[in-house]
$ cat target_21.cif   # mmCIF, C-alpha atoms and all ligand atoms
data_protein
#
loop_
_atom_site.group_PDB
_atom_site.id
_atom_site.type_symbol
_atom_site.label_atom_id
_atom_site.label_comp_id
_atom_site.auth_asym_id
_atom_site.auth_seq_id
_atom_site.Cartn_x
_atom_site.Cartn_y
_atom_site.Cartn_z
ATOM 1 C CA MET A 1 2.557 -20.042 22.220
ATOM 2 C CA ASN A 2 4.966 -17.403 20.900
ATOM 3 C CA LEU A 3 4.147 -17.169 17.174
ATOM 4 C CA CYS A 4 7.306 -15.168 16.507
ATOM 5 C CA ASP A 5 9.679 -17.650 18.108
ATOM 6 C CA GLU A 6 11.399 -19.262 15.153
ATOM 7 C CA ARG A 7 11.627 -22.704 16.758
ATOM 8 C CA GLU A 8 8.006 -22.721 17.845
ATOM 9 C CA LEU A 9 6.912 -21.385 14.455
ATOM 10 C CA ARG A 10 8.843 -24.076 12.569
ATOM 11 C CA ALA A 11 7.318 -26.743 14.835
ATOM 12 C CA LEU A 12 3.804 -25.376 14.271
ATOM 13 C CA LEU A 13 4.258 -25.243 10.487
ATOM 14 C CA GLY A 14 5.868 -28.717 10.471
ATOM 15 C CA ARG A 15 2.966 -30.220 12.432
ATOM 16 C CA HIS A 16 0.575 -28.906 9.780
ATOM 17 C CA GLY A 17 2.804 -29.932 6.871
ATOM 18 C CA PHE A 18 2.897 -26.307 5.703
ATOM 19 C CA ARG A 19 5.197 -25.180 2.874
ATOM 20 C CA PHE A 20 6.012 -21.516 2.201
ATOM 21 C CA SER A 21 4.761 -20.134 -1.087
ATOM 22 C CA LYS A 22 6.945 -17.550 -2.782
ATOM 23 C CA SER A 23 4.176 -16.552 -5.179
ATOM 24 C CA MET A 24 1.974 -15.611 -2.212
ATOM 25 C CA GLY A 25 4.762 -13.477 -0.718
ATOM 26 C CA GLN A 26 4.947 -15.539 2.456
ATOM 27 C CA ASN A 27 7.583 -14.148 4.826
ATOM 28 C CA PHE A 28 6.459 -14.463 8.425
ATOM 29 C CA LEU A 29 7.687 -12.221 11.257
ATOM 30 C CA VAL A 30 9.997 -13.925 13.750
ATOM 31 C CA ASN A 31 10.698 -11.026 16.097
ATOM 32 C CA PRO A 32 7.865 -10.506 18.609
ATOM 33 C CA GLU A 33 8.671 -6.796 18.932
ATOM 34 C CA ILE A 34 7.745 -6.073 15.311
ATOM 35 C CA PRO A 35 4.014 -6.991 15.365
ATOM 36 C CA VAL A 36 3.701 -4.973 18.586
ATOM 37 C CA ALA A 37 5.389 -1.974 16.953
ATOM 38 C CA ILE A 38 3.251 -2.234 13.786
ATOM 39 C CA ALA A 39 0.016 -2.498 15.796
ATOM 40 C CA GLU A 40 1.098 0.540 17.857
ATOM 41 C CA ALA A 41 2.063 2.500 14.730
ATOM 42 C CA SER A 42 -1.410 1.915 13.278
ATOM 43 C CA GLY A 43 -2.891 3.858 16.209
ATOM 44 C CA ALA A 44 -5.614 1.220 16.422
ATOM 45 C CA GLY A 45 -7.892 1.311 19.467
ATOM 46 C CA LYS A 46 -11.181 -0.059 20.754
ATOM 47 C CA THR A 47 -13.278 2.069 18.378
ATOM 48 C CA HIS A 48 -11.574 0.589 15.310
ATOM 49 C CA GLY A 49 -12.374 -2.376 13.114
ATOM 50 C CA VAL A 50 -9.104 -3.479 11.523
ATOM 51 C CA LEU A 51 -8.869 -5.141 8.161
ATOM 52 C CA GLU A 52 -5.693 -7.219 8.009
ATOM 53 C CA ILE A 53 -4.478 -8.566 4.682
ATOM 54 C CA GLY A 54 -2.556 -11.820 4.912
ATOM 55 C CA PRO A 55 -2.471 -12.901 8.577
ATOM 56 C CA GLY A 56 -0.041 -15.773 7.934
ATOM 57 C CA VAL A 57 -0.069 -17.665 11.251
ATOM 58 C CA GLY A 58 -1.594 -14.686 13.082
ATOM 59 C CA ALA A 59 1.381 -12.934 14.732
ATOM 60 C CA LEU A 60 0.111 -9.417 13.910
ATOM 61 C CA THR A 61 -3.543 -10.494 14.219
ATOM 62 C CA VAL A 62 -3.079 -11.343 17.900
ATOM 63 C CA GLU A 63 -1.421 -7.990 18.677
ATOM 64 C CA LEU A 64 -4.152 -6.095 16.830
ATOM 65 C CA ALA A 65 -6.912 -8.056 18.590
ATOM 66 C CA LYS A 66 -5.519 -6.981 21.986
ATOM 67 C CA ARG A 67 -5.963 -3.325 21.066
ATOM 68 C CA VAL A 68 -9.013 -3.000 18.809
ATOM 69 C CA GLY A 69 -12.752 -3.607 18.661
ATOM 70 C CA LYS A 70 -12.508 -6.266 15.972
ATOM 71 C CA VAL A 71 -10.007 -7.694 13.463
ATOM 72 C CA ALA A 72 -11.043 -9.262 10.157
ATOM 73 C CA SER A 73 -8.109 -10.957 8.439
ATOM 74 C CA VAL A 74 -8.294 -11.896 4.764
ATOM 75 C CA GLU A 75 -6.036 -14.835 3.928
ATOM 76 C CA LEU A 76 -5.624 -16.265 0.429
ATOM 77 C CA ASP A 77 -3.804 -19.484 1.325
ATOM 78 C CA ARG A 78 -6.259 -22.196 2.374
ATOM 79 C CA ASP A 79 -3.381 -24.185 3.908
ATOM 80 C CA LEU A 80 -3.067 -21.506 6.601
ATOM 81 C CA LEU A 81 -6.695 -21.827 7.734
ATOM 82 C CA PRO A 82 -6.241 -24.853 10.051
ATOM 83 C CA ILE A 83 -3.162 -23.175 11.530
ATOM 84 C CA LEU A 84 -5.073 -19.934 12.159
ATOM 85 C CA ASP A 85 -7.869 -22.006 13.697
ATOM 86 C CA GLU A 86 -5.338 -23.192 16.237
ATOM 87 C CA THR A 87 -3.410 -19.956 16.844
ATOM 88 C CA LEU A 88 -6.483 -17.707 17.110
ATOM 89 C CA ARG A 89 -8.471 -20.081 19.318
ATOM 90 C CA GLY A 90 -9.788 -17.993 22.215
ATOM 91 C CA VAL A 91 -9.189 -14.691 20.409
ATOM 92 C CA SER A 92 -12.872 -13.802 20.287
ATOM 93 C CA ASN A 93 -12.607 -10.512 18.350
ATOM 94 C CA ALA A 94 -10.589 -11.888 15.410
ATOM 95 C CA GLU A 95 -12.206 -13.459 12.363
ATOM 96 C CA VAL A 96 -10.484 -14.994 9.349
ATOM 97 C CA VAL A 97 -12.001 -14.607 5.903
ATOM 98 C CA GLN A 98 -10.604 -16.845 3.177
ATOM 99 C CA GLY A 99 -10.198 -14.970 -0.101
ATOM 100 C CA ASP A 100 -8.109 -12.796 -2.375
ATOM 101 C CA ALA A 101 -7.939 -9.296 -0.921
ATOM 102 C CA LEU A 102 -7.437 -7.907 -4.435
ATOM 103 C CA LYS A 103 -10.759 -9.344 -5.577
ATOM 104 C CA LEU A 104 -12.993 -8.914 -2.525
ATOM 105 C CA ASP A 105 -15.306 -5.936 -2.102
ATOM 106 C CA LEU A 106 -13.454 -4.515 0.909
ATOM 107 C CA ALA A 107 -15.943 -1.714 1.610
ATOM 108 C CA ALA A 108 -18.744 -4.299 1.830
ATOM 109 C CA LEU A 109 -16.576 -6.528 4.007
ATOM 110 C CA ALA A 110 -15.813 -3.642 6.389
ATOM 111 C CA ALA A 111 -19.510 -2.694 6.562
ATOM 112 C CA GLU A 112 -20.445 -6.304 7.373
ATOM 113 C CA LYS A 113 -17.668 -7.057 9.897
ATOM 114 C CA PHE A 114 -17.284 -3.695 11.644
ATOM 115 C CA PRO A 115 -20.755 -2.338 12.523
ATOM 116 C CA GLY A 116 -20.382 0.701 14.787
ATOM 117 C CA LEU A 117 -16.567 0.728 14.405
ATOM 118 C CA SER A 118 -14.253 2.935 12.291
ATOM 119 C CA PRO A 119 -12.528 0.803 9.646
ATOM 120 C CA ILE A 120 -8.747 0.996 9.232
ATOM 121 C CA VAL A 121 -6.158 -1.286 7.604
ATOM 122 C CA CYS A 122 -3.055 -2.790 9.166
ATOM 123 C CA ALA A 123 -1.010 -5.494 7.446
ATOM 124 C CA ASN A 124 2.324 -7.046 6.608
ATOM 125 C CA LEU A 125 1.665 -7.068 2.870
ATOM 126 C CA PRO A 126 2.864 -9.756 0.487
ATOM 127 C CA TYR A 127 5.528 -7.988 -1.639
ATOM 128 C CA ASN A 128 4.051 -9.064 -4.952
ATOM 129 C CA ILE A 129 0.690 -7.315 -4.489
ATOM 130 C CA THR A 130 1.874 -4.075 -2.858
ATOM 131 C CA SER A 131 0.940 -1.632 -5.643
ATOM 132 C CA PRO A 132 -2.462 -3.030 -6.689
ATOM 133 C CA MET A 133 -3.379 -3.469 -3.020
ATOM 134 C CA LEU A 134 -2.448 0.101 -2.075
ATOM 135 C CA GLU A 135 -4.225 1.375 -5.174
ATOM 136 C CA LYS A 136 -7.374 -0.443 -4.123
ATOM 137 C CA LEU A 137 -7.131 0.683 -0.485
ATOM 138 C CA ALA A 138 -6.523 4.317 -1.466
ATOM 139 C CA GLN A 139 -9.723 4.185 -3.510
ATOM 140 C CA THR A 140 -11.796 2.621 -0.723
ATOM 141 C CA PRO A 141 -12.768 5.726 1.261
ATOM 142 C CA CYS A 142 -14.094 3.940 4.359
ATOM 143 C CA PHE A 143 -10.509 3.174 5.507
ATOM 144 C CA GLN A 144 -9.283 6.242 7.401
ATOM 145 C CA THR A 145 -5.726 4.968 7.810
ATOM 146 C CA VAL A 146 -3.657 2.272 6.113
ATOM 147 C CA THR A 147 -0.566 1.052 7.957
ATOM 148 C CA VAL A 148 1.479 -1.502 6.038
ATOM 149 C CA LEU A 149 4.828 -3.228 6.164
ATOM 150 C CA LEU A 150 6.364 -3.309 2.693
ATOM 151 C CA GLN A 151 9.680 -3.262 0.860
ATOM 152 C CA LYS A 152 11.815 -0.404 2.226
ATOM 153 C CA GLU A 153 12.640 1.163 -1.151
ATOM 154 C CA VAL A 154 8.963 1.125 -2.137
ATOM 155 C CA ALA A 155 7.939 2.721 1.176
ATOM 156 C CA GLU A 156 10.561 5.452 0.741
ATOM 157 C CA ARG A 157 9.461 6.133 -2.825
ATOM 158 C CA LEU A 158 5.820 6.357 -1.764
ATOM 159 C CA ALA A 159 6.659 8.775 1.053
ATOM 160 C CA ALA A 160 8.932 10.940 -1.147
ATOM 161 C CA PRO A 161 7.919 14.605 -1.103
ATOM 162 C CA GLU A 162 6.134 15.907 -4.196
ATOM 163 C CA GLY A 163 8.507 17.278 -6.800
ATOM 164 C CA SER A 164 11.500 15.213 -5.577
ATOM 165 C CA ALA A 165 13.404 12.920 -7.921
ATOM 166 C CA ASP A 166 12.533 9.860 -5.782
ATOM 167 C CA GLY A 167 8.798 9.907 -6.473
ATOM 168 C CA GLY A 168 6.821 8.577 -9.398
ATOM 169 C CA ALA A 169 3.325 8.422 -10.832
ATOM 170 C CA PHE A 170 2.189 5.945 -8.193
ATOM 171 C CA SER A 171 3.576 8.088 -5.319
ATOM 172 C CA LEU A 172 1.512 11.001 -6.630
ATOM 173 C CA PHE A 173 -1.555 8.799 -7.044
ATOM 174 C CA LEU A 174 -1.285 7.715 -3.393
ATOM 175 C CA ARG A 175 -0.535 11.249 -2.188
ATOM 176 C CA TYR A 176 -3.650 12.505 -3.988
ATOM 177 C CA TYR A 177 -5.801 10.482 -1.539
ATOM 178 C CA MET A 178 -3.557 9.958 1.491
ATOM 179 C CA GLU A 179 -0.665 11.451 3.478
ATOM 180 C CA PRO A 180 2.023 8.742 3.599
ATOM 181 C CA GLU A 181 4.942 8.625 6.042
ATOM 182 C CA VAL A 182 7.601 6.025 6.805
ATOM 183 C CA VAL A 183 7.342 5.165 10.501
ATOM 184 C CA PHE A 184 10.246 2.739 11.003
ATOM 185 C CA GLN A 185 12.407 0.238 9.167
ATOM 186 C CA VAL A 186 12.483 -3.532 9.623
ATOM 187 C CA SER A 187 15.575 -5.495 8.634
ATOM 188 C CA ARG A 188 15.243 -8.652 6.510
ATOM 189 C CA ASP A 189 16.605 -10.661 9.473
ATOM 190 C CA ASN A 190 13.184 -10.450 11.149
ATOM 191 C CA PHE A 191 11.426 -12.772 8.698
ATOM 192 C CA LEU A 192 11.174 -16.475 7.969
ATOM 193 C CA PRO A 193 12.114 -17.184 5.229
ATOM 194 C CA ARG A 194 14.554 -14.271 5.073
ATOM 195 C CA PRO A 195 13.730 -12.055 2.058
ATOM 196 C CA LYS A 196 16.383 -10.429 -0.148
ATOM 197 C CA VAL A 197 15.289 -6.908 0.824
ATOM 198 C CA ASP A 198 14.652 -4.853 3.946
ATOM 199 C CA SER A 199 11.203 -3.554 4.840
ATOM 200 C CA ALA A 200 9.622 -0.462 6.332
ATOM 201 C CA VAL A 201 6.290 0.474 7.860
ATOM 202 C CA LEU A 202 4.347 3.042 5.863
ATOM 203 C CA ARG A 203 1.429 4.802 7.536
ATOM 204 C CA CYS A 204 -1.050 6.589 5.294
ATOM 205 C CA ALA A 205 -3.730 8.867 6.751
ATOM 206 C CA ARG A 206 -6.638 9.639 4.454
ATOM 207 C CA ARG A 207 -7.080 13.273 3.487
ATOM 208 C CA ALA A 208 -10.477 14.848 4.157
ATOM 209 C CA ARG A 209 -10.615 15.467 0.384
ATOM 210 C CA PRO A 210 -8.166 14.795 -2.465
ATOM 211 C CA ALA A 211 -5.010 16.922 -2.325
ATOM 212 C CA VAL A 212 -6.006 18.975 -5.377
ATOM 213 C CA GLU A 213 -9.227 19.713 -7.197
ATOM 214 C CA THR A 214 -9.553 18.213 -10.657
ATOM 215 C CA ASP A 215 -12.512 18.543 -12.983
ATOM 216 C CA ASP A 216 -11.651 15.311 -14.803
ATOM 217 C CA GLU A 217 -9.892 12.764 -12.572
ATOM 218 C CA PRO A 218 -9.168 10.100 -15.246
ATOM 219 C CA HIS A 219 -7.599 12.766 -17.491
ATOM 220 C CA PHE A 220 -5.598 14.152 -14.539
ATOM 221 C CA PHE A 221 -4.136 10.696 -13.788
ATOM 222 C CA ARG A 222 -3.477 10.101 -17.497
ATOM 223 C CA VAL A 223 -1.354 13.261 -17.528
ATOM 224 C CA VAL A 224 0.448 12.215 -14.306
ATOM 225 C CA ARG A 225 1.235 8.749 -15.713
ATOM 226 C CA GLY A 226 2.204 10.267 -19.060
ATOM 227 C CA ALA A 227 4.736 12.548 -17.380
ATOM 228 C CA PHE A 228 6.637 9.491 -16.142
ATOM 229 C CA LEU A 229 6.311 7.363 -19.295
ATOM 230 C CA LEU A 230 9.766 8.380 -20.516
ATOM 231 C CA ARG A 231 11.350 9.124 -17.186
ATOM 232 C CA ARG A 232 14.703 10.279 -18.488
ATOM 233 C CA LYS A 233 13.193 12.643 -21.044
ATOM 234 C CA THR A 234 11.693 16.077 -20.494
ATOM 235 C CA LEU A 235 8.077 16.408 -19.425
ATOM 236 C CA VAL A 236 7.202 17.770 -22.876
ATOM 237 C CA ASN A 237 8.716 14.768 -24.662
ATOM 238 C CA SER A 238 7.239 12.249 -22.255
ATOM 239 C CA LEU A 239 3.756 13.765 -22.540
ATOM 240 C CA SER A 240 4.060 13.943 -26.338
ATOM 241 C CA ALA A 241 4.632 10.195 -26.389
ATOM 242 C CA ALA A 242 1.860 9.494 -23.877
ATOM 243 C CA LEU A 243 -0.783 11.811 -25.345
ATOM 244 C CA PRO A 244 -0.421 11.384 -29.112
ATOM 245 C CA GLU A 245 -3.671 13.284 -29.756
ATOM 246 C CA LEU A 246 -1.962 16.511 -28.604
ATOM 247 C CA SER A 247 0.748 18.295 -30.593
ATOM 248 C CA LYS A 248 4.130 18.835 -28.994
ATOM 249 C CA GLU A 249 3.688 22.591 -29.416
ATOM 250 C CA ARG A 250 0.407 22.523 -27.533
ATOM 251 C CA ILE A 251 2.028 20.590 -24.696
ATOM 252 C CA ARG A 252 5.030 22.945 -24.588
ATOM 253 C CA ASP A 253 2.730 26.009 -24.470
ATOM 254 C CA ALA A 254 0.719 24.470 -21.619
ATOM 255 C CA VAL A 255 3.867 23.643 -19.644
ATOM 256 C CA ILE A 256 5.156 27.210 -20.038
ATOM 257 C CA SER A 257 1.722 28.658 -19.145
ATOM 258 C CA CYS A 258 1.967 26.742 -15.860
ATOM 259 C CA GLY A 259 5.121 28.693 -15.026
ATOM 260 C CA LEU A 260 7.356 25.687 -15.655
ATOM 261 C CA SER A 261 10.511 25.476 -17.757
ATOM 262 C CA GLU A 262 10.071 23.652 -21.069
ATOM 263 C CA SER A 263 13.056 21.465 -20.126
ATOM 264 C CA VAL A 264 11.543 20.384 -16.774
ATOM 265 C CA ARG A 265 11.195 16.679 -16.025
ATOM 266 C CA GLY A 266 7.922 15.169 -14.813
ATOM 267 C CA GLU A 267 9.382 14.197 -11.443
ATOM 268 C CA ARG A 268 9.751 17.897 -10.490
ATOM 269 C CA LEU A 269 6.043 18.643 -10.639
ATOM 270 C CA THR A 270 3.772 18.849 -7.617
ATOM 271 C CA LEU A 271 0.156 17.670 -7.605
ATOM 272 C CA ARG A 272 -0.889 21.314 -7.948
ATOM 273 C CA ASP A 273 1.309 21.669 -11.085
ATOM 274 C CA PHE A 274 -0.309 18.535 -12.518
ATOM 275 C CA ALA A 275 -3.803 19.830 -11.732
ATOM 276 C CA ASN A 276 -3.039 23.096 -13.588
ATOM 277 C CA LEU A 277 -1.375 21.331 -16.493
ATOM 278 C CA SER A 278 -4.098 18.728 -16.958
ATOM 279 C CA ARG A 279 -6.726 21.486 -16.963
ATOM 280 C CA LEU A 280 -4.842 23.378 -19.696
ATOM 281 C CA LEU A 281 -4.347 20.218 -21.743
ATOM 282 C CA ARG A 282 -8.056 19.491 -21.633
ATOM 283 C CA GLU A 283 -9.242 22.859 -22.805
ATOM 284 C CA THR A 284 -9.967 23.003 -26.522
HETATM 285 N N1 LIG B 301 0.969 -11.332 8.743
HETATM 286 C C1 LIG B 301 1.947 -12.416 8.723
HETATM 287 C C2 LIG B 301 3.212 -11.958 9.396
HETATM 288 O O1 LIG B 301 3.393 -10.739 9.523
HETATM 289 O O2 LIG B 301 4.011 -12.792 9.801
HETATM 290 C C3 LIG B 301 2.222 -12.894 7.298
HETATM 291 C C4 LIG B 301 2.621 -11.843 6.295
HETATM 292 S S1 LIG B 301 3.152 -12.507 4.751
HETATM 293 C C5 LIG B 301 4.288 -11.240 4.233
HETATM 294 C C6 LIG B 301 1.815 -12.209 3.610
HETATM 295 C C7 LIG B 301 0.547 -13.019 3.823
HETATM 296 O O3 LIG B 301 -0.408 -12.617 2.817
HETATM 297 C C8 LIG B 301 0.679 -14.511 3.664
HETATM 298 O O4 LIG B 301 -0.023 -15.130 4.703
HETATM 299 C C9 LIG B 301 0.013 -14.837 2.307
HETATM 300 O O5 LIG B 301 -0.521 -16.134 2.237
HETATM 301 C C10 LIG B 301 -1.072 -13.765 2.266
HETATM 302 N N2 LIG B 301 -1.531 -13.375 0.928
HETATM 303 C C11 LIG B 301 -0.845 -13.361 -0.240
HETATM 304 N N3 LIG B 301 -1.576 -12.887 -1.243
HETATM 305 C C12 LIG B 301 -2.791 -12.567 -0.704
HETATM 306 C C13 LIG B 301 -4.005 -12.030 -1.240
HETATM 307 N N4 LIG B 301 -4.100 -11.708 -2.538
HETATM 308 N N5 LIG B 301 -5.062 -11.860 -0.420
HETATM 309 C C14 LIG B 301 -4.961 -12.177 0.907
HETATM 310 N N6 LIG B 301 -3.844 -12.682 1.468
HETATM 311 C C15 LIG B 301 -2.781 -12.881 0.678
#
$ encode --input "target_21.cif" --output "structure tokens"
Amino acid sequence: MNLCDERELRALLGRHGFRFSKSMGQNFLVNPEIPVAIAEASGAGKTHGVLEIGPGVGALTVELAKRVGKVASVELDRDLLPILDETLRGVSNAEVVQGDALKLDLAALAAEKFPGLSPIVCANLPYNITSPMLEKLAQTPCFQTVTVLLQKEVAERLAAPEGSADGGAFSLFLRYYMEPEVVFQVSRDNFLPRPKVDSAVLRCARRARPAVETDDEPHFFRVVRGAFLLRRKTLVNSLSAALPELSKERIRDAVISCGLSESVRGERLTLRDFANLSRLLRET
């Protein structure tokens, strides 16, 4: 059965009485070339255990299973389980785990499902959980790479170079742990139902160590987030609002000591600038 053939897919879903859920971000791929291209982009091979989030009816799962040691696919929607039972019958190295990928202990899951294999992630993510999911994956060090299909604008923002106007606090957060790149774009016409936006594949390779050294990570990220709190204002004004315990003068002095202009905006700073600035703002 061709899981990406729209007629066959509709028939399969109809037979199971399945209804798409918008709140679970259900847009299934209906172009067989796309799961192949995503699986290839992930670089997955026989030594990898792949965590997939949201298999849907299994279109990407099947392509991954052909290439890798093992696939474990976490699916939230119980209504998809009997369908996956049917579509993955005979695919011996794919296992479905029912659950919420945001709530599961993914490091423990990888350790249990992928003994002797290197864990990676490959998924067509539900749009509505993109940021919390990427945040969680970035902070789960066992995953060496994370290859995900997500909204095109989000992918481009996340891959924006440091210090460019397109980035934001979350781009810097991700870049602290990983090296993200957009691999290719996927038009909205390749999904059922057709979403209102186009998508892109983002591949993130984990850095051997975080991009910059920080002596107080929570404080560092508080400064990064604070710099984008008032995006249209200067860095000094935005940080003054975000860090009310510090005087504006103190913040201005720290910004200037970092070799930055006092009128600079937060979006212009690199991770190294933020590491320097957060260190200065912590010193008493
Ligand atoms: N992989 C399929 C494909 O490419 O055609 C389906 C992708 S669809 C965009 C997202 C899938 O994620 C759906 O199957 C949905 O039920 C599932 N999902 C949504 N929220 C989830 C969560 N929190 N944990 C696990 N799966 C979730």
$ resolve_selection --input "target_21.cif" --expression "the PyMOL selection byres (((chain A and resi 167-180) around 8) and not hetatm)" --output "count of residues only"
33
$ residues_near_ligand --input "target_21.cif" --ligand "ligand LIG 301 (chain B)" --cutoff "8 Å" --atoms "all atoms listed in the file" --output "MDAnalysis selection string"
chainID A and resid 4 21 23:30 35 52:61 74:77 80 98:103 123:129 191
$ resolve_selection --input "target_21.cif" --expression "the PyMOL selection byres (((chain A and resi 229-239) around 12) and not hetatm)" --output "compact mmCIF listing (two decimals) with C-alpha atoms, keeping the file's coordinate frame"
# COMPACT_ATOMS: atom_id res chain seq x y z
CA ALA A 165 13.40 12.92 -7.92
CA ASP A 166 12.53 9.86 -5.78
CA GLY A 167 8.80 9.91 -6.47
CA GLY A 168 6.82 8.58 -9.40
CA ALA A 169 3.32 8.42 -10.83
CA PHE A 170 2.19 5.94 -8.19
CA ARG A 222 -3.48 10.10 -17.50
CA VAL A 223 -1.35 13.26 -17.53
CA VAL A 224 0.45 12.22 -14.31
CA ARG A 225 1.24 8.75 -15.71
CA GLY A 226 2.20 10.27 -19.06
CA ALA A 227 4.74 12.55 -17.38
CA PHE A 228 6.64 9.49 -16.14
CA SER A 240 4.06 13.94 -26.34
CA ALA A 241 4.63 10.20 -26.39
CA ALA A 242 1.86 9.49 -23.88
CA LEU A 243 -0.78 11.81 -25.34
CA PRO A 244 -0.42 11.38 -29.11
CA GLU A 245 -3.67 13.28 -29.76
CA LEU A 246 -1.96 16.51 -28.60
CA SER A 247 0.75 18.30 -30.59
CA LYS A 248 4.13 18.84 -28.99
CA GLU A 249 3.69 22.59 -29.42
CA ARG A 250 0.41 22.52 -27.53
CA ILE A 251 2.03 20.59 -24.70
CA ARG A 252 5.03 22.94 -24.59
CA ASP A 253 2.73 26.01 -24.47
CA ALA A 254 0.72 24.47 -21.62
CA VAL A 255 3.87 23.64 -19.64
CA ILE A 256 5.16 27.21 -20.04
CA LEU A 260 7.36 25.69 -15.66
CA SER A 261 10.51 25.48 -17.76
CA GLU A 262 10.07 23.65 -21.07
CA SER A 263 13.06 21.46 -20.13
CA VAL A 264 11.54 20.38 -16.77
CA ARG A 265 11.20 16.68 -16.02
CA GLY A 266 7.92 15.17 -14.81
CA GLU A 267 9.38 14.20 -11.44
CA ARG A 268 9.75 17.90 -10.49
CA LEU A 269 6.04 18.64 -10.64
CA ASP A 273 1.31 21.67 -11.08
CA PHE A 274 -0.31 18.54 -12.52
CA LEU A 277 -1.38 21.33 -16.49
CA SER A 278 -4.10 18.73 -16.96
CA LEU A 281 -4.35 20.22 -21.74
$ axis_aligned_box --input "target_21.cif" --around "range 72-81 of chain A" --padding-each-side "4 Å" --output "AutoDock Vina command-line options"
--center_x -7.1 --center_y -16.7 --center_z 5.3 --size_x 16.0 --size_y 22.9 --size_z 17.7
$ closest_residue --input "target_21.cif" --among "A:Val146, A:Val97, A:Ala155, A:Leu117" --to "Ala39 in chain A" --atoms "all atoms listed in the file"
A:Val146
$ atom_distance --input "target_21.cif" --atom1 "CA of Arg89 in chain A" --atom2 "CA of Gly43 in chain A"
24.8 Å
$ atom_distance --input "target_21.cif" --atom1 "CA of Ile120 in chain A" --atom2 "CA of Gly49 in chain A"
6.3 Å
$ atom_distance --input "target_21.cif" --atom1 "CA of Leu84 in chain A" --atom2 "CA of Ala37 in chain A"
21.3 Å
$ residues_around --input "target_21.cif" --residues "Gln185 in chain A" --least-positions-apart "6" --cutoff "10 Å" --atoms "all atoms listed in the file" --output "ChimeraX atom specification"
/A:34,149-152,155,198-202
$ write_last_selection --input "target_21.cif" --atoms "C-alpha atoms" --output "mmCIF file, keeping the file's coordinate frame"
data_model
loop_
_atom_site.group_PDB
_atom_site.id
_atom_site.type_symbol
_atom_site.label_atom_id
_atom_site.label_comp_id
_atom_site.auth_asym_id
_atom_site.auth_seq_id
_atom_site.Cartn_x
_atom_site.Cartn_y
_atom_site.Cartn_z
ATOM 1 C CA ILE A 34 7.745 -6.073 15.311
ATOM 2 C CA LEU A 149 4.828 -3.228 6.164
ATOM 3 C CA LEU A 150 6.364 -3.309 2.693
ATOM 4 C CA GLN A 151 9.680 -3.262 0.860
ATOM 5 C CA LYS A 152 11.815 -0.404 2.226
ATOM 6 C CA ALA A 155 7.939 2.721 1.176
ATOM 7 C CA ASP A 198 14.652 -4.853 3.946
ATOM 8 C CA SER A 199 11.203 -3.554 4.840
ATOM 9 C CA ALA A 200 9.622 -0.462 6.332
ATOM 10 C CA VAL A 201 6.290 0.474 7.860
ATOM 11 C CA LEU A 202 4.347 3.042 5.863
#
$ closest_residue --input "target_21.cif" --among "A:Thr270, A:Arg194, A:Val121, A:Thr147" --to "Lys22 in chain A" --atoms "all atoms listed in the file"
A:Arg194
$ residues_around --input "target_21.cif" --residues "Leu64 in chain A" --least-positions-apart "3" --cutoff "9 Å" --atoms "only C-alpha atoms" --output "JSON, numbers by chain"
{"A": [35, 36, 38, 39, 40, 44, 45, 50, 60, 61, 67, 68, 70, 71, 94, 122]}
$ resolve_selection --input "target_21.cif" --expression "the PyMOL selection byres (((chain A and resi 110) around 9) and not hetatm)" --output "list in words"
Gly49, Val50, Leu51, Ala72, Asp105, Leu106, Ala107, Ala108, Leu109, Ala111, Glu112, Lys113, Phe114, Pro115, Ser118, Pro119, Ile120, Cys142 and Phe143 of chain A
$ write_last_selection --input "target_21.cif" --atoms "C-alpha atoms" --output "mmCIF file, keeping the file's coordinate frame"
data_model
loop_
_atom_site.group_PDB
_atom_site.id
_atom_site.type_symbol
_atom_site.label_atom_id
_atom_site.label_comp_id
_atom_site.auth_asym_id
_atom_site.auth_seq_id
_atom_site.Cartn_x
_atom_site.Cartn_y
_atom_site.Cartn_z
ATOM 1 C CA GLY A 49 -12.374 -2.376 13.114
ATOM 2 C CA VAL A 50 -9.104 -3.479 11.523
ATOM 3 C CA LEU A 51 -8.869 -5.141 8.161
ATOM 4 C CA ALA A 72 -11.043 -9.262 10.157
ATOM 5 C CA ASP A 105 -15.306 -5.936 -2.102
ATOM 6 C CA LEU A 106 -13.454 -4.515 0.909
ATOM 7 C CA ALA A 107 -15.943 -1.714 1.610
ATOM 8 C CA ALA A 108 -18.744 -4.299 1.830
ATOM 9 C CA LEU A 109 -16.576 -6.528 4.007
ATOM 10 C CA ALA A 111 -19.510 -2.694 6.562
ATOM 11 C CA GLU A 112 -20.445 -6.304 7.373
ATOM 12 C CA LYS A 113 -17.668 -7.057 9.897
ATOM 13 C CA PHE A 114 -17.284 -3.695 11.644
ATOM 14 C CA PRO A 115 -20.755 -2.338 12.523
ATOM 15 C CA SER A 118 -14.253 2.935 12.291
ATOM 16 C CA PRO A 119 -12.528 0.803 9.646
ATOM 17 C CA ILE A 120 -8.747 0.996 9.232
ATOM 18 C CA CYS A 142 -14.094 3.940 4.359
ATOM 19 C CA PHE A 143 -10.509 3.174 5.507
#
$ closest_residue --input "target_21.cif" --among "A:Ala208, A:Asn31, A:Val197, A:Val96" --to "Arg78 in chain A" --atoms "all atoms listed in the file"
A:Val96
$ decode --input "target_21.cif" --residues "range 219-227 of chain A" --atoms "C-alpha atoms" --output "mmCIF file, in the first residue's frame"
data_model
loop_
_atom_site.group_PDB
_atom_site.id
_atom_site.type_symbol
_atom_site.label_atom_id
_atom_site.label_comp_id
_atom_site.auth_asym_id
_atom_site.auth_seq_id
_atom_site.Cartn_x
_atom_site.Cartn_y
_atom_site.Cartn_z
ATOM 1 C CA HIS A 219 21.081 33.812 34.187
ATOM 2 C CA PHE A 220 22.574 33.719 30.666
ATOM 3 C CA PHE A 221 19.217 32.648 29.172
ATOM 4 C CA ARG A 222 17.379 35.230 31.293
ATOM 5 C CA VAL A 223 19.555 37.930 29.719
ATOM 6 C CA VAL A 224 18.995 36.489 26.208
ATOM 7 C CA ARG A 225 15.205 36.407 26.699
ATOM 8 C CA GLY A 226 15.283 39.855 28.299
ATOM 9 C CA ALA A 227 17.042 41.310 25.261
#
